[in-house]
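Raw final.tsv, TSV, C-alpha atoms:
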```
chain	number	residue	atom	x	y	z
R	720	MET	CA	161.00	-82.67	-198.83
R	721	ALA	CA	161.82	-80.95	-195.57
R	722	THR	CA	163.22	-83.04	-192.73
R	723	THR	CA	161.24	-82.80	-189.53
R	724	GLN	CA	162.95	-83.05	-186.21
R	725	LYS	CA	160.95	-86.20	-185.38
R	726	HIS	CA	162.37	-88.04	-188.40
R	727	ALA	CA	165.71	-86.24	-188.66
R	728	THR	CA	168.85	-88.29	-188.86
R	729	ILE	CA	171.51	-87.52	-186.31
R	730	ARG	CA	174.78	-87.14	-188.16
R	731	SER	CA	178.03	-86.43	-186.53
R	732	THR	CA	181.64	-87.09	-186.32
R	733	THR	CA	184.74	-87.65	-188.21
R	734	ILE	CA	187.18	-89.91	-186.38
R	735	LEU	CA	190.66	-90.58	-187.75
R	736	ALA	CA	193.58	-92.69	-186.52
R	737	VAL	CA	197.06	-92.64	-188.06
R	738	ARG	CA	200.05	-94.85	-187.22
R	739	ARG	CA	203.63	-94.14	-188.29
R	740	ASP	CA	206.64	-95.99	-186.94
R	741	LYS	CA	206.20	-96.21	-183.14
R	742	GLN	CA	203.67	-93.39	-182.90
R	743	VAL	CA	199.90	-93.43	-183.24
R	744	ALA	CA	197.31	-90.67	-182.96
R	745	ILE	CA	193.53	-90.52	-182.94
R	746	GLY	CA	191.34	-87.47	-183.31
R	747	GLY	CA	187.82	-86.35	-183.85
R	748	ASP	CA	185.83	-83.23	-184.53
R	749	GLY	CA	183.20	-81.78	-182.22
R	750	GLN	CA	180.13	-81.40	-184.41
R	751	VAL	CA	176.80	-83.11	-183.81
R	752	SER	CA	174.02	-82.42	-186.31
R	753	LEU	CA	170.31	-83.18	-186.24
R	754	GLY	CA	169.05	-83.19	-189.81
R	755	ASP	CA	170.47	-80.06	-191.38
R	756	THR	CA	170.99	-78.25	-188.07
R	757	VAL	CA	174.15	-78.20	-185.96
R	758	VAL	CA	173.11	-78.88	-182.36
R	759	LYS	CA	176.54	-79.11	-180.72
R	760	HIS	CA	179.96	-77.82	-181.71
R	761	ASP	CA	182.22	-79.20	-178.99
R	762	ALA	CA	181.36	-82.86	-178.43
R	763	HIS	CA	184.26	-85.04	-177.25
R	764	LYS	CA	184.27	-88.32	-179.13
R	765	ILE	CA	187.68	-89.65	-178.06
R	766	ARG	CA	187.81	-91.52	-174.75
R	767	PRO	CA	190.86	-92.76	-172.80
R	768	LEU	CA	190.71	-96.33	-171.48
R	769	CYS	CA	193.15	-98.42	-169.42
R	770	ASP	CA	194.60	-95.38	-167.67
R	771	GLY	CA	195.34	-93.67	-170.99
R	772	LYS	CA	197.11	-96.65	-172.61
R	773	VAL	CA	194.18	-97.11	-175.02
R	774	PHE	CA	192.06	-94.50	-176.79
R	775	CYS	CA	188.72	-95.11	-178.43
R	776	GLY	CA	186.83	-92.89	-180.85
R	777	PHE	CA	183.23	-93.41	-181.87
R	778	ALA	CA	180.86	-92.45	-184.64
R	779	GLY	CA	177.12	-92.94	-184.58
R	780	SER	CA	174.72	-92.85	-181.71
R	781	ALA	CA	176.42	-91.54	-178.57
R	782	ALA	CA	174.27	-93.62	-176.22
R	783	ASP	CA	175.06	-96.75	-178.24
R	784	ALA	CA	178.77	-95.87	-178.30
R	785	PHE	CA	178.89	-95.37	-174.53
R	786	ALA	CA	177.21	-98.75	-173.98
R	787	LEU	CA	179.82	-100.34	-176.27
R	788	LEU	CA	182.70	-98.49	-174.59
R	789	GLU	CA	181.62	-99.85	-171.19
R	790	ARG	CA	181.54	-103.39	-172.55
R	791	PHE	CA	184.86	-102.92	-174.32
R	792	GLU	CA	186.49	-101.62	-171.14
R	793	GLY	CA	185.20	-104.69	-169.29
R	794	LYS	CA	186.69	-106.94	-171.94
R	795	LEU	CA	190.02	-105.10	-171.68
R	796	GLU	CA	190.05	-105.75	-167.93
R	797	ARG	CA	189.09	-109.38	-168.40
R	798	HIS	CA	191.79	-109.94	-171.05
R	799	LYS	CA	194.53	-108.03	-169.20
R	800	ASP	CA	194.64	-105.06	-171.60
R	801	ASN	CA	194.98	-107.25	-174.72
R	802	VAL	CA	193.34	-104.80	-177.12
R	803	ARG	CA	193.07	-107.15	-180.08
R	804	LEU	CA	191.45	-109.97	-178.08
R	805	ALA	CA	189.11	-107.54	-176.28
R	806	ALA	CA	188.02	-106.08	-179.64
R	807	ILE	CA	187.36	-109.52	-181.09
R	808	GLU	CA	185.34	-110.52	-178.05
R	809	LEU	CA	183.32	-107.28	-178.23
R	810	ALA	CA	182.63	-107.76	-181.95
R	811	LYS	CA	181.45	-111.35	-181.37
R	812	GLU	CA	179.13	-110.26	-178.57
R	813	TRP	CA	177.93	-107.22	-180.52
R	814	ARG	CA	176.98	-109.39	-183.47
R	815	THR	CA	175.30	-112.20	-181.55
R	816	ASP	CA	173.57	-110.41	-178.65
R	817	ARG	CA	170.00	-109.47	-179.52
R	818	ALA	CA	170.07	-106.10	-177.75
R	819	LEU	CA	173.59	-105.13	-178.83
R	820	ARG	CA	172.85	-106.00	-182.46
R	821	ARG	CA	170.57	-102.96	-182.65
R	822	LEU	CA	173.30	-100.55	-181.58
R	823	GLU	CA	174.33	-98.17	-184.35
R	824	SER	CA	177.89	-97.06	-183.85
R	825	LEU	CA	181.43	-97.76	-185.01
R	826	LEU	CA	184.54	-97.70	-182.84
R	827	VAL	CA	188.17	-96.97	-183.61
R	828	VAL	CA	190.56	-98.27	-180.97
R	829	ILE	CA	194.28	-97.50	-180.69
R	830	SER	CA	197.06	-98.59	-178.39
R	831	GLU	CA	200.82	-98.44	-178.84
R	832	ASP	CA	200.63	-101.84	-180.57
R	833	VAL	CA	197.43	-101.89	-182.60
R	834	SER	CA	194.87	-99.77	-184.47
R	835	LEU	CA	191.44	-101.34	-185.03
R	836	MET	CA	188.01	-100.50	-186.35
R	837	VAL	CA	185.26	-102.47	-184.59
R	838	GLY	CA	181.76	-102.79	-186.03
R	839	GLY	CA	178.48	-104.44	-185.16
R	840	SER	CA	178.49	-106.94	-187.99
R	841	GLY	CA	181.42	-108.72	-186.34
R	842	ASP	CA	184.11	-106.68	-188.06
R	843	VAL	CA	187.49	-106.12	-186.46
R	844	ILE	CA	189.67	-104.47	-189.08
R	845	GLU	CA	193.33	-103.57	-188.74
R	846	PRO	CA	194.39	-101.35	-191.66
R	847	SER	CA	197.51	-102.36	-193.56
R	848	ASP	CA	198.66	-98.74	-193.86
R	849	GLY	CA	197.82	-97.65	-190.30
R	850	VAL	CA	195.04	-95.24	-191.33
R	851	ILE	CA	191.42	-95.62	-190.18
R	852	GLY	CA	188.58	-93.17	-190.67
R	853	ILE	CA	184.93	-93.43	-189.68
R	854	GLY	CA	181.94	-91.14	-189.59
R	855	SER	CA	180.49	-88.64	-192.01
R	856	GLY	CA	183.84	-87.18	-193.05
R	857	GLY	CA	185.90	-90.33	-192.44
R	858	MET	CA	186.83	-91.06	-196.03
R	859	TYR	CA	187.80	-87.44	-196.71
R	860	ALA	CA	190.09	-87.55	-193.68
R	861	VAL	CA	191.54	-90.93	-194.75
R	862	ALA	CA	192.36	-89.59	-198.22
R	863	ALA	CA	194.10	-86.54	-196.75
R	864	ALA	CA	195.95	-88.64	-194.16
R	865	ARG	CA	197.24	-91.09	-196.76
R	866	ALA	CA	198.57	-88.25	-198.89
R	867	LEU	CA	200.27	-86.61	-195.90
R	868	LEU	CA	201.62	-89.94	-194.65
R	869	HIS	CA	203.20	-90.78	-198.01
R	870	HIS	CA	204.43	-87.32	-199.00
R	871	THR	CA	205.52	-85.67	-195.74
R	872	LYS	CA	207.48	-86.49	-192.62
R	873	LEU	CA	204.79	-85.15	-190.30
R	874	GLU	CA	204.13	-87.02	-187.07
R	875	PRO	CA	200.80	-88.87	-186.73
R	876	LYS	CA	199.36	-86.22	-184.40
R	877	GLN	CA	200.03	-83.51	-187.00
R	878	ILE	CA	198.65	-85.68	-189.81
R	879	VAL	CA	195.44	-86.35	-187.88
R	880	GLU	CA	194.97	-82.67	-187.10
R	881	GLN	CA	195.59	-81.50	-190.67
R	882	SER	CA	193.49	-84.28	-192.20
R	883	LEU	CA	190.53	-83.53	-189.93
R	884	LYS	CA	190.77	-79.85	-190.91
R	885	ILE	CA	190.70	-80.85	-194.58
R	886	ALA	CA	187.68	-83.08	-193.95
R	887	ALA	CA	185.96	-80.18	-192.15
R	888	ASP	CA	186.43	-78.02	-195.25
R	889	ILE	CA	184.62	-80.66	-197.34
R	890	CYS	CA	182.07	-82.40	-195.11
R	891	VAL	CA	179.14	-80.36	-193.76
R	892	TYR	CA	178.84	-82.77	-190.80
R	893	THR	CA	182.42	-82.11	-189.62
R	894	ASN	CA	183.77	-79.01	-187.91
R	895	GLN	CA	187.20	-77.68	-186.96
R	896	ASN	CA	186.78	-78.15	-183.21
R	897	ILE	CA	189.34	-80.96	-183.16
R	898	VAL	CA	190.64	-83.11	-180.30
R	899	VAL	CA	193.73	-85.27	-180.93
R	900	GLU	CA	195.38	-87.79	-178.59
R	901	SER	CA	198.60	-89.69	-179.26
R	902	LEU	CA	200.64	-92.59	-177.94
R	903	GLY	CA	204.20	-93.76	-178.50
R	904	SER	CA	207.61	-92.23	-178.77
```

Rendering of file as structure tokens:
Amino acid sequence: MATTQKHATIRSTTILAVRRDKQVAIGGDGQVSLGDTVVKHDAHKIRPLCDGKVFCGFAGSAADAFALLERFEGKLERHKDNVRLAAIELAKEWRTDRALRRLESLLVVISEDVSLMVGGSGDVIEPSDGVIGIGSGGMYAVAAARALLHHTKLEPKQIVEQSLKIAADICVYTNQNIVVESLGS
């Protein structure tokens, strides 16, 4: 059955964060697809917050993600840049607020101290191995990142870049127009 544009699902994004020692990196691809058509190749899905001390990547509806990013930034200001507390407060509000509950997006948040995935069902997940992936190609990128993390000495920025390229070779909703940001020494 052919997908019509009216009922087409918007698919996009592979976001990956990798932490090693005192370094952390987050990256995303640039593809946005509507059904089986690529409608944008160079979307930027990584946003700096707190004057570049925090980066956030999103997968899902862009409008929903931007609404969540605004709320998250407000919570960061209110909680004096405490990323973990701001993420928990956002997740609580996202789950309980009637309007926010309908938002369809996932966030990955990194700072020098913490890497978190934040979801609308109240989830705030900090991975035990420092690797988080979301979006259409997220699990492909996670698998590649874990292999590179355990079997190479590459820095997180290099691991994110290479893992996203591997995901792009597998996932039709991921491209090789990659943006990577990093924090730490």

Got a sec: who's within 6 Å of R:Leu825, counting only C-alpha atoms, leaving out chain neighbours fewer than 4 positions off, as an mmCIF file with C-alpha atoms, in the coordinates of the input?
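Writing done, so here's around30.cif:
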```
data_model
loop_
_atom_site.group_PDB
_atom_site.id
_atom_site.type_symbol
_atom_site.label_atom_id
_atom_site.label_comp_id
_atom_site.auth_asym_id
_atom_site.auth_seq_id
_atom_site.Cartn_x
_atom_site.Cartn_y
_atom_site.Cartn_z
ATOM 1 C CA PHE R 777 183.230 -93.410 -181.870
ATOM 2 C CA ALA R 778 180.860 -92.450 -184.640
ATOM 3 C CA GLY R 838 181.760 -102.790 -186.030
#
```

*Can you list, as an MDAnalysis selection string, every protein, DNA or RNA residue that comes within 9 Å of R:Gly749 when you count only C-alpha atoms, leaving out same-chain residues fewer than 4 positions away?*
chainID R and resid 731:733 759:764 893:898

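Taking atom CA of R:Glu808 and atom CA of R:Phe791 as the two end points, the separation is 8.5 Å.
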
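Among R:Ser847, R:Ser840, R:Gln750, R:Gln877, the residue with the shortest atom-to-atom distance to R:Asp816, counting all atoms listed in the file, is R:Ser840.
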
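Here the question is which of R:Ala784, R:Met836, R:Arg738, R:Asp748 gets nearest to R:Asp888 using only C-alpha atoms, and that residue is R:Asp748.
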
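Straight-line separation from atom CA of R:Leu788 to atom CA of R:Ile889: 29.0 Å.
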
How would stretch 774-809 of chain R look written as a CSV table (one decimal), in the first residue's frame with N, CA, C and O atoms?
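File produced: selection_37.csv:
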```
chain,number,residue,atom,x,y,z
R,774,PHE,N,24.8,20.3,25.8
R,774,PHE,CA,24.3,20.1,24.5
R,774,PHE,C,23.1,19.1,24.5
R,774,PHE,O,23.1,18.2,25.4
R,775,CYS,N,22.1,19.3,23.7
R,775,CYS,CA,20.9,18.5,23.6
R,775,CYS,C,20.7,18.1,22.2
R,775,CYS,O,20.7,18.9,21.3
R,776,GLY,N,20.4,16.8,22.0
R,776,GLY,CA,20.0,16.3,20.7
R,776,GLY,C,18.6,15.8,20.8
R,776,GLY,O,18.2,15.3,21.8
R,777,PHE,N,17.9,15.8,19.7
R,777,PHE,CA,16.5,15.4,19.7
R,777,PHE,C,16.2,14.5,18.5
R,777,PHE,O,16.7,14.6,17.4
R,778,ALA,N,15.2,13.6,18.7
R,778,ALA,CA,14.7,12.8,17.7
R,778,ALA,C,13.2,12.8,17.8
R,778,ALA,O,12.6,12.9,18.9
R,779,GLY,N,12.5,12.9,16.7
R,779,GLY,CA,11.0,13.0,16.7
R,779,GLY,C,10.6,14.3,16.1
R,779,GLY,O,11.3,14.9,15.3
R,780,SER,N,9.4,14.7,16.4
R,780,SER,CA,8.9,15.9,15.9
R,780,SER,C,9.7,17.1,16.3
R,780,SER,O,10.0,17.4,17.5
R,781,ALA,N,10.2,17.9,15.3
R,781,ALA,CA,11.0,19.1,15.6
R,781,ALA,C,10.3,20.1,16.4
R,781,ALA,O,10.8,20.7,17.4
R,782,ALA,N,9.0,20.4,16.1
R,782,ALA,CA,8.2,21.4,16.8
R,782,ALA,C,8.1,20.9,18.3
R,782,ALA,O,8.2,21.7,19.2
R,783,ASP,N,7.8,19.6,18.5
R,783,ASP,CA,7.7,19.1,19.9
R,783,ASP,C,9.1,19.2,20.6
R,783,ASP,O,9.1,19.7,21.7
R,784,ALA,N,10.1,18.9,19.9
R,784,ALA,CA,11.5,19.0,20.5
R,784,ALA,C,11.8,20.4,20.9
R,784,ALA,O,12.4,20.6,22.0
R,785,PHE,N,11.5,21.4,20.0
R,785,PHE,CA,11.8,22.8,20.4
R,785,PHE,C,11.0,23.2,21.6
R,785,PHE,O,11.5,24.0,22.4
R,786,ALA,N,9.8,22.8,21.7
R,786,ALA,CA,9.0,23.2,22.8
R,786,ALA,C,9.6,22.6,24.1
R,786,ALA,O,9.7,23.2,25.1
R,787,LEU,N,10.1,21.3,24.0
R,787,LEU,CA,10.7,20.7,25.2
R,787,LEU,C,12.1,21.3,25.5
R,787,LEU,O,12.4,21.5,26.7
R,788,LEU,N,12.8,21.7,24.4
R,788,LEU,CA,14.1,22.4,24.7
R,788,LEU,C,13.9,23.7,25.4
R,788,LEU,O,14.7,24.0,26.3
R,789,GLU,N,12.9,24.4,25.1
R,789,GLU,CA,12.6,25.7,25.8
R,789,GLU,C,12.3,25.4,27.2
R,789,GLU,O,12.8,26.1,28.1
R,790,ARG,N,11.5,24.5,27.5
R,790,ARG,CA,11.2,24.1,28.9
R,790,ARG,C,12.4,23.6,29.6
R,790,ARG,O,12.6,24.0,30.8
R,791,PHE,N,13.2,22.8,29.0
R,791,PHE,CA,14.4,22.3,29.6
R,791,PHE,C,15.4,23.4,29.9
R,791,PHE,O,15.9,23.4,31.0
R,792,GLU,N,15.5,24.3,29.0
R,792,GLU,CA,16.4,25.5,29.3
R,792,GLU,C,15.9,26.3,30.5
R,792,GLU,O,16.7,26.7,31.3
R,793,GLY,N,14.6,26.5,30.6
R,793,GLY,CA,14.1,27.2,31.7
R,793,GLY,C,14.4,26.4,33.0
R,793,GLY,O,14.7,27.0,34.1
R,794,LYS,N,14.3,25.1,33.0
R,794,LYS,CA,14.5,24.3,34.2
R,794,LYS,C,16.0,24.4,34.5
R,794,LYS,O,16.4,24.4,35.7
R,795,LEU,N,16.9,24.4,33.5
R,795,LEU,CA,18.3,24.6,33.8
R,795,LEU,C,18.6,25.9,34.5
R,795,LEU,O,19.4,26.0,35.4
R,796,GLU,N,18.0,27.0,34.0
R,796,GLU,CA,18.1,28.3,34.7
R,796,GLU,C,17.6,28.2,36.1
R,796,GLU,O,18.3,28.7,37.0
R,797,ARG,N,16.5,27.7,36.3
R,797,ARG,CA,15.9,27.6,37.6
R,797,ARG,C,16.7,26.8,38.6
R,797,ARG,O,16.8,27.1,39.8
R,798,HIS,N,17.3,25.7,38.1
R,798,HIS,CA,18.1,24.8,39.0
R,798,HIS,C,19.6,25.1,38.9
R,798,HIS,O,20.4,24.2,39.1
R,799,LYS,N,20.0,26.3,38.5
R,799,LYS,CA,21.4,26.7,38.4
R,799,LYS,C,22.3,25.7,37.7
R,799,LYS,O,23.3,25.3,38.2
R,800,ASP,N,21.8,25.3,36.5
R,800,ASP,CA,22.6,24.5,35.6
R,800,ASP,C,22.8,23.1,36.1
R,800,ASP,O,23.7,22.3,35.6
R,801,ASN,N,22.0,22.6,37.0
R,801,ASN,CA,22.0,21.2,37.5
R,801,ASN,C,21.3,20.4,36.5
R,801,ASN,O,20.1,20.3,36.5
R,802,VAL,N,22.0,19.7,35.6
R,802,VAL,CA,21.4,19.0,34.4
R,802,VAL,C,20.6,17.9,34.9
R,802,VAL,O,19.4,17.7,34.4
R,803,ARG,N,21.0,17.1,35.8
R,803,ARG,CA,20.3,15.9,36.3
R,803,ARG,C,18.9,16.4,36.9
R,803,ARG,O,17.8,15.8,36.5
R,804,LEU,N,18.9,17.4,37.7
R,804,LEU,CA,17.7,17.8,38.4
R,804,LEU,C,16.8,18.5,37.3
R,804,LEU,O,15.5,18.2,37.3
R,805,ALA,N,17.3,19.2,36.4
R,805,ALA,CA,16.5,19.9,35.4
R,805,ALA,C,15.8,18.8,34.5
R,805,ALA,O,14.7,18.9,34.1
R,806,ALA,N,16.6,17.7,34.2
R,806,ALA,CA,16.0,16.7,33.4
R,806,ALA,C,14.9,15.9,34.1
R,806,ALA,O,13.9,15.6,33.5
R,807,ILE,N,15.1,15.7,35.4
R,807,ILE,CA,14.1,15.0,36.2
R,807,ILE,C,12.8,15.9,36.2
R,807,ILE,O,11.7,15.4,36.1
R,808,GLU,N,13.0,17.2,36.5
R,808,GLU,CA,11.8,18.1,36.5
R,808,GLU,C,11.1,18.1,35.2
R,808,GLU,O,9.9,18.2,35.1
R,809,LEU,N,11.9,18.2,34.1
R,809,LEU,CA,11.2,18.2,32.7
R,809,LEU,C,10.5,16.9,32.5
R,809,LEU,O,9.3,16.9,32.1
```
